[in-house]
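Following: one structure in structure tokens, then a few remarks.
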Amino acid sequence: MSICQKFPKKKNLNAAFRLLRRRGYFAAQNFCCCRTCAWAEVPDGYDKVVFYHRQETASLAESGECYLSWSGDKNEIAAVLSSCGILKEIPPADNVCFRISIR
């Protein structure tokens, strides 16, 4: 069973990442092996970034939830994720990840 069959809101996640890219974010799914490597691979020139890495992809496939690393405007990111129906938790601080759900 594919992740889209198991979790119908996966399409909403894809839409959220498209919207973030339109707003100037570097937005990537399944990006690099881990958070440290992913931050090192973000292309130069991006201050606005949203991604989840391969370890979070495994969590997403198993539970329908994962954490998004980010930089930029927390309220703008939250608005996009919320409008797509996948926002689970807004980070209380800038060094904390967003929590999303595609269940």
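Lettering and numbering for the structure tokens are positional, with chains as A, B, ... in the shown order, residues counted from 1 in each chain, and ligands counted from 1 in the shown order.
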Per residue of range 64-84 of chain A within 8 Å of range 1-15 of chain A, record the nearest atom pair and its distance in Å to one decimal, counting only C-alpha atoms, with rows in chain order and ascending residue number, as JSON lines.
```
{"residue": "A:Gly64", "atom": "CA", "partner": "A:Phe7", "partner_atom": "CA", "distance": 6.6}
{"residue": "A:Leu81", "atom": "CA", "partner": "A:Leu13", "partner_atom": "CA", "distance": 7.9}
{"residue": "A:Cys84", "atom": "CA", "partner": "A:Asn12", "partner_atom": "CA", "distance": 5.4}
```
Selection near Glu76 in chain A, 12 Å with only C-alpha atoms, sequence-local residues under 2 positions removed, as an NGL selection string: :A and (16 or 19-20 or 23-25 or 48-50 or 70-74 or 78-83 or 90)
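Using only C-alpha atoms, the shortest contact distance between Ala61 in chain A and any of A:Ile102, A:Cys33, A:Ala38, A:Ile86 is found at A:Ile102.
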Alpha helix (DSSP H) positions in range 1-84 of chain A, given as a ChimeraX atom specification: /A:3-6,10-22,35-41,54-63,74-83
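The gap separating CA of Asn95 in chain A from CA of Ser63 in chain A is 23.5 Å, in Å to one decimal.
Shortest atom-to-atom contact with Gln29 in chain A among A:Cys66, A:Glu41, A:Leu87, A:Phe51: A:Phe51, counting only C-alpha atoms.
The spacing separating CA of Asp44 in chain A from CA of Cys32 in chain A amounts to 16.0 Å.
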All strand (DSSP E) residues (DSSP, backbone) inside chain A, as a count of residues only: 20
Using only C-alpha atoms: which of A:Val42, A:Cys37, A:Ile100, A:Ile77 has the shortest distance to Gln55 in chain A: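 That would be A:Cys37, the residue with the smallest distance to Gln55 in chain A.
Note that CA of Phe26 in chain A and CA of Pro43 in chain A are 8.1 Å apart.
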